[in-house]
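S.K.: Attaching a single structure in structure tokens format; questions to follow.
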2 protein chains.
Amino acid sequence: MKPGQPQGLGQQIRSDIERHIASGEWPPGQRIPFEHELMAQYACSRMTVNKVLSLLVEKGLIERRRRAGSFVRKPHPNIESVALDIPHIPIDIAVRGHVYGYQLIRRRVRKPRKSMAHELELAPGGSLIAIQCLHLADGKPFALEDRVINPVAVPDALEQDFTQEVPGSWLLQTIPWTRAEHRIKAVNLDRTESALLKVPPGTASLVIARRTWLGKQPITFVRQMFLGDSYDLVAHFRPSAS
Amino acid sequence: MKPGQPQGLGQQIRSDIERHIASGEWPPGQRIPFEHELMAQYACSRMTVNKVLSLLVEKGLIERRRRAGSFVRKPHPNIESVALDIPHIPIDIAVRGHVYGYQLIRRRVRKPRKSMAHELELAPGGSLIAIQCLHLADGKPFALEDRVINPVAVPDALEQDFTQEVPGSWLLQTIPWTRAEHRIKAVNLDRTESALLKVPPGTASLVIARRTWLGKQPITFVRQMFLGDSYDLVAHFRPSAS
DNA sequence: CGCCCTCTTTTGTCTATACAATAAAAAATA
DNA sequence: TATTTTTTATTGTATAGACAAAAGAGGGCG
């Protein structure tokens, strides 16, 4: 339970300011009260106000200029940074009220294909684990997944046959990660892919390709193909920091 | 020029901690030094350390528990929040080294279609401005855009014919916004769309639909169709704040 | 053994003060 | 007027201290 009214005075100041900005009452470019004005208004010390304002700078909500004051930040003109929630497939399917199913298509240990830079990067020992599997919702194909795993980073994966364990969930429980990169695009499914997903060839598919690292060590590369018309991603604006 | 070595002691502490986490040296779950240990290590006061750690909590990098200490946060198990950069099309095309071109297909003022909830929401005065246009890279179609604008929120848009002005850029210069929601999906282009983009019907397209508000007032709704195989979005992991 | 109470450590928040850095504004100067 | 110098308001960062709140640790007691 997250209380609507927070505990401290600083939190109070912060949520007041955020509310003024979010409501449009203080539009972008607007100067917000000086520190000493907020001190007086809330009867607190300058450090309290300053800590709040520094945090809002970090969040990208405001900008501050010495001698001039603090200003509501304008959305960045050429790039918007938005927060995109990428759910895990089993959980996402459950949340939508369907029954999740998993089906392994193929698992093997093989050499990286030289034409694929990320596969070479992922196979420091000269080989990698390649998995193809299907995620089902109510027994019907929902997403097709191609994954390669670095066996040096995740030696336990060599013991796993992944006939029951879902690779994504298993990996999350097995090994942490610190960095990930996602690429999102649309493709027409080829004959093989469309057959597995039980749709006509050429159907549009939303593809999420993700690379994951622990420190500098690559962990896994995964490519998930969703049926584009039954799946979409939602992103909310979040002002970008610096 | 952003200096690699920041200015203050707090910034020093912060970047040290972030580096330890990013490198995997302090893995998720690891306890990081107590405040008093950092005080001793950096020979500073507790407030300095505390401000840094509070900020890292806000950024979602660490968690703190009284009496127990501060811990590197695990990536959230069921939802990853990633930062997605959505560039503006003219700038994006220029960055890729192509010549940007713009072409208005249709502009008219019309009533909202009752079946579309967002159009009704966008037309408080009973009508809206509907624009269809094309973005070109080196003279070739790059993206097809369908946009509706709230004429109550943006009265100047009634005077603009948008034969030269790119609606997205013009709106950004004309009116600020405080909130946006994006939906991303893949579709097969229909006959009309594919003809405008000069590709075969059925080609997969990455669709970004964006709704924008100023405070509680809706500003514009836009649907941009990109050729899926020549365009992709990149997102970087960013730990989500609470 | 399980339960309750107290002690202790660590974080959470705040105060009051200090000085440095910066950039706008005002004043002085050419 | 145009340019340079000085002033000053505001933010940036830091210190030292204080008390509160939470939760693990340990002890006493049934």
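Note on naming: chains are A, B, ... as they come in the structure tokens, residues start from 1 per chain, ligands start from 1 in the order shown.
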List the neighbours of DG17 (chain D) out to 12 Å using only C-alpha atoms (C1' of nucleotides); skip same-chain residues closer than 3 positions along the sequence, and give me the result as a ChimeraX atom specification.
M.R.: /B:45-47 /C:14-17
S.K.: Now that the selection is made, can you save its residues with C-alpha atoms (C1' of nucleotides) as a PDB file, in the first residue's frame?
M.R.:
ATOM      1  CA  SER B  45      30.037  14.346   6.651  1.00  0.00           C
ATOM      2  CA  ARG B  46      27.094  12.002   6.794  1.00  0.00           C
ATOM      3  CA  MET B  47      24.793  14.389   4.929  1.00  0.00           C
TER       4      MET B  47
ATOM      5  C1'  DC C  14      15.646  18.028   9.436  1.00  0.00           C
ATOM      6  C1'  DT C  15      18.187  22.363  11.257  1.00  0.00           C
ATOM      7  C1'  DA C  16      21.420  26.103  11.052  1.00  0.00           C
ATOM      8  C1'  DT C  17      25.373  27.708   9.114  1.00  0.00           C
TER       9       DT C  17
END
S.K.: Determine which residues of chain D sit within 12 Å of chain A, taking into account only C-alpha atoms (C1' of nucleotides), and present them as a list in words.
M.R.: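 Result, ordered by chain then number: DT8, DA9, DT10, DT11, DG12, DT13, DA14, DA20 and DA21 of chain D.
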S.K.: Would you please give, as JSON, numbers by chain, all residues of region 88-187 of chain A that DSSP assigns to strand (DSSP E) based on the backbone?
M.R.: {"A": [100, 101, 102, 103, 104, 105, 106, 107, 108, 109, 110, 128, 129, 130, 131, 132, 133, 134, 135, 136, 137, 140, 141, 142, 143, 144, 145, 146, 147, 148, 149, 179, 180, 181, 182, 183, 184, 185, 186, 187]}
S.K.: Just the selected residues (N, CA and C atoms), exported as a compact mmCIF listing (two decimals), in the first residue's frame, please.
M.R.:
# COMPACT_ATOMS: atom_id res chain seq x y z
N TYR A 100 -1.04 -19.74 -19.67
CA TYR A 100 0.25 -19.74 -20.33
C TYR A 100 0.70 -21.15 -20.66
N GLY A 101 1.28 -21.30 -21.83
CA GLY A 101 1.87 -22.57 -22.21
C GLY A 101 3.23 -22.37 -22.84
N TYR A 102 4.08 -23.40 -22.69
CA TYR A 102 5.44 -23.29 -23.20
C TYR A 102 5.78 -24.54 -23.98
N GLN A 103 6.52 -24.35 -25.06
CA GLN A 103 6.87 -25.50 -25.90
C GLN A 103 8.26 -25.31 -26.46
N LEU A 104 9.16 -26.24 -26.13
CA LEU A 104 10.50 -26.18 -26.69
C LEU A 104 10.49 -26.74 -28.10
N ILE A 105 11.09 -26.02 -29.02
CA ILE A 105 11.16 -26.50 -30.40
C ILE A 105 12.50 -27.17 -30.65
N ARG A 106 13.57 -26.49 -30.20
CA ARG A 106 14.89 -27.05 -30.44
C ARG A 106 15.89 -26.48 -29.45
N ARG A 107 16.77 -27.32 -28.98
CA ARG A 107 17.87 -26.87 -28.13
C ARG A 107 19.13 -27.58 -28.59
N ARG A 108 20.16 -26.81 -28.86
CA ARG A 108 21.42 -27.46 -29.19
C ARG A 108 22.59 -26.56 -28.85
N VAL A 109 23.75 -27.20 -28.76
CA VAL A 109 24.99 -26.46 -28.54
C VAL A 109 25.71 -26.41 -29.88
N ARG A 110 26.04 -25.23 -30.32
CA ARG A 110 26.66 -25.12 -31.65
C ARG A 110 27.67 -23.98 -31.68
N LEU A 128 28.05 -21.96 -28.24
CA LEU A 128 26.97 -21.32 -27.51
C LEU A 128 25.77 -22.26 -27.46
N ILE A 129 24.81 -21.93 -26.63
CA ILE A 129 23.60 -22.72 -26.52
C ILE A 129 22.51 -21.99 -27.29
N ALA A 130 21.90 -22.68 -28.23
CA ALA A 130 20.86 -22.06 -29.05
C ALA A 130 19.52 -22.73 -28.75
N ILE A 131 18.52 -21.91 -28.49
CA ILE A 131 17.21 -22.43 -28.12
C ILE A 131 16.16 -21.77 -28.98
N GLN A 132 15.24 -22.55 -29.48
CA GLN A 132 14.06 -21.98 -30.12
C GLN A 132 12.84 -22.53 -29.39
N CYS A 133 11.93 -21.63 -29.02
CA CYS A 133 10.76 -22.08 -28.28
C CYS A 133 9.55 -21.22 -28.60
N LEU A 134 8.41 -21.69 -28.10
CA LEU A 134 7.15 -21.04 -28.43
C LEU A 134 6.42 -20.74 -27.13
N HIS A 135 5.85 -19.55 -27.05
CA HIS A 135 5.00 -19.20 -25.91
C HIS A 135 3.55 -19.24 -26.38
N LEU A 136 2.71 -19.89 -25.58
CA LEU A 136 1.31 -20.08 -25.97
C LEU A 136 0.39 -19.38 -24.99
N ALA A 137 -0.68 -18.83 -25.50
CA ALA A 137 -1.74 -18.28 -24.66
C ALA A 137 -3.02 -19.07 -24.97
N LYS A 140 -2.84 -21.38 -27.87
CA LYS A 140 -2.55 -20.85 -29.21
C LYS A 140 -1.22 -20.11 -29.20
N PRO A 141 -0.47 -20.20 -30.30
CA PRO A 141 0.84 -19.54 -30.35
C PRO A 141 0.70 -18.04 -30.10
N PHE A 142 1.59 -17.54 -29.27
CA PHE A 142 1.57 -16.13 -28.90
C PHE A 142 2.86 -15.44 -29.31
N ALA A 143 3.97 -16.10 -29.07
CA ALA A 143 5.25 -15.51 -29.44
C ALA A 143 6.26 -16.61 -29.73
N LEU A 144 7.13 -16.33 -30.69
CA LEU A 144 8.19 -17.25 -31.06
C LEU A 144 9.50 -16.66 -30.59
N GLU A 145 10.30 -17.49 -29.94
CA GLU A 145 11.53 -16.99 -29.33
C GLU A 145 12.75 -17.73 -29.82
N ASP A 146 13.74 -16.97 -30.28
CA ASP A 146 15.07 -17.51 -30.61
C ASP A 146 16.06 -16.95 -29.62
N ARG A 147 16.80 -17.84 -28.98
CA ARG A 147 17.71 -17.36 -27.94
C ARG A 147 19.06 -18.05 -28.04
N VAL A 148 20.10 -17.29 -27.78
CA VAL A 148 21.42 -17.89 -27.61
C VAL A 148 21.97 -17.46 -26.25
N ILE A 149 22.65 -18.40 -25.60
CA ILE A 149 23.16 -18.18 -24.25
C ILE A 149 24.67 -18.41 -24.24
N ARG A 179 22.97 -4.83 -17.42
CA ARG A 179 22.74 -3.95 -18.56
C ARG A 179 21.97 -4.70 -19.63
N ALA A 180 21.12 -4.02 -20.34
CA ALA A 180 20.39 -4.65 -21.43
C ALA A 180 20.16 -3.64 -22.53
N GLU A 181 20.10 -4.13 -23.74
CA GLU A 181 19.78 -3.26 -24.88
C GLU A 181 18.67 -3.91 -25.68
N HIS A 182 17.68 -3.12 -26.01
CA HIS A 182 16.55 -3.64 -26.79
C HIS A 182 16.49 -2.97 -28.15
N ARG A 183 16.18 -3.75 -29.16
CA ARG A 183 15.87 -3.19 -30.47
C ARG A 183 14.47 -3.68 -30.84
N ILE A 184 13.68 -2.76 -31.33
CA ILE A 184 12.29 -3.09 -31.64
C ILE A 184 12.03 -2.79 -33.10
N LYS A 185 11.51 -3.74 -33.82
CA LYS A 185 11.20 -3.50 -35.23
C LYS A 185 10.01 -4.35 -35.66
N ALA A 186 9.60 -4.16 -36.90
CA ALA A 186 8.51 -4.95 -37.47
C ALA A 186 9.03 -5.74 -38.66
N VAL A 187 8.62 -7.00 -38.76
CA VAL A 187 9.04 -7.81 -39.91
C VAL A 187 7.84 -8.61 -40.44
S.K.: Using only C-alpha atoms, select each residue of chain A with any atom at most 8 Å away from an atom of chain B, and give the selection as number ranges by chain.
M.R.: A: 21-25, 27-28, 51, 55, 74-75, 77-88, 91, 172, 176-188, 202-206, 214-216, 227-229, 231-237
S.K.: Have a look at A:Ala157, A:Cys44, A:Met225, A:Ala123 and name the one nearest to chain C; count only C-alpha atoms (C1' of nucleotides).
M.R.: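 With only C-alpha atoms (C1' of nucleotides) as the atom set, the closest residue is A:Cys44.
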S.K.: Within 10 Å of chain A, which residues of chain C are there when counting only C-alpha atoms (C1' of nucleotides)? Please give them as a list of chain:residue names.
M.R.: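 Selected residues: C:DG12, C:DT13, C:DC14, C:DT15, C:DA16, C:DA21, C:DT22, C:DA23, C:DA24, C:DA25.
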S.K.: Looking at only C-alpha atoms, which of A:Pro167, A:Gly97, A:Pro155, A:Gly139 is the one that sits closest to Phe221 (chain A)?
M.R.: A:Pro167
S.K.: Please identify which residues in region 3-240 of chain A DSSP calls alpha helix (DSSP H) from the backbone, and express them as a VMD selection string.
M.R.: chain A and resid 9 to 22 35 to 42 46 to 59 89 to 95 117 to 122 167 to 174 191 to 197
S.K.: So which residues touch Gly125 (chain A) within 9 Å, counting only C-alpha atoms (C1' of nucleotides), skipping near sequence neighbours fewer than 6 positions away, as a PyMOL selection string?
M.R.: chain A and resi 150-152
S.K.: In Å to one decimal, how far is CA of Val52 (chain B) from CA of Ile32 (chain A)?
M.R.: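 Atom-to-atom, CA of Ile32 (chain A) to CA of Val52 (chain B), that is 24.2 Å.
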S.K.: Which residues, written as a list in words, have at least one atom at most 12 Å from DT3 (chain D), with only C-alpha atoms (C1' of nucleotides) counted and residues fewer than 6 positions away on the same chain left out?
M.R.: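 Surrounding residues, per the criterion: DA28, DT29 and DA30 of chain C.
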S.K.: Convert the current residue selection to file output with C-alpha atoms (C1' of nucleotides), as a compact mmCIF listing (two decimals), in the first residue's frame.
M.R.:
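Contents of again.txt, freshly written:
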# COMPACT_ATOMS: atom_id res chain seq x y z
C1' DA C 28 31.28 52.80 -14.12
C1' DT C 29 33.93 53.89 -17.91
C1' DA C 30 35.40 54.87 -22.69
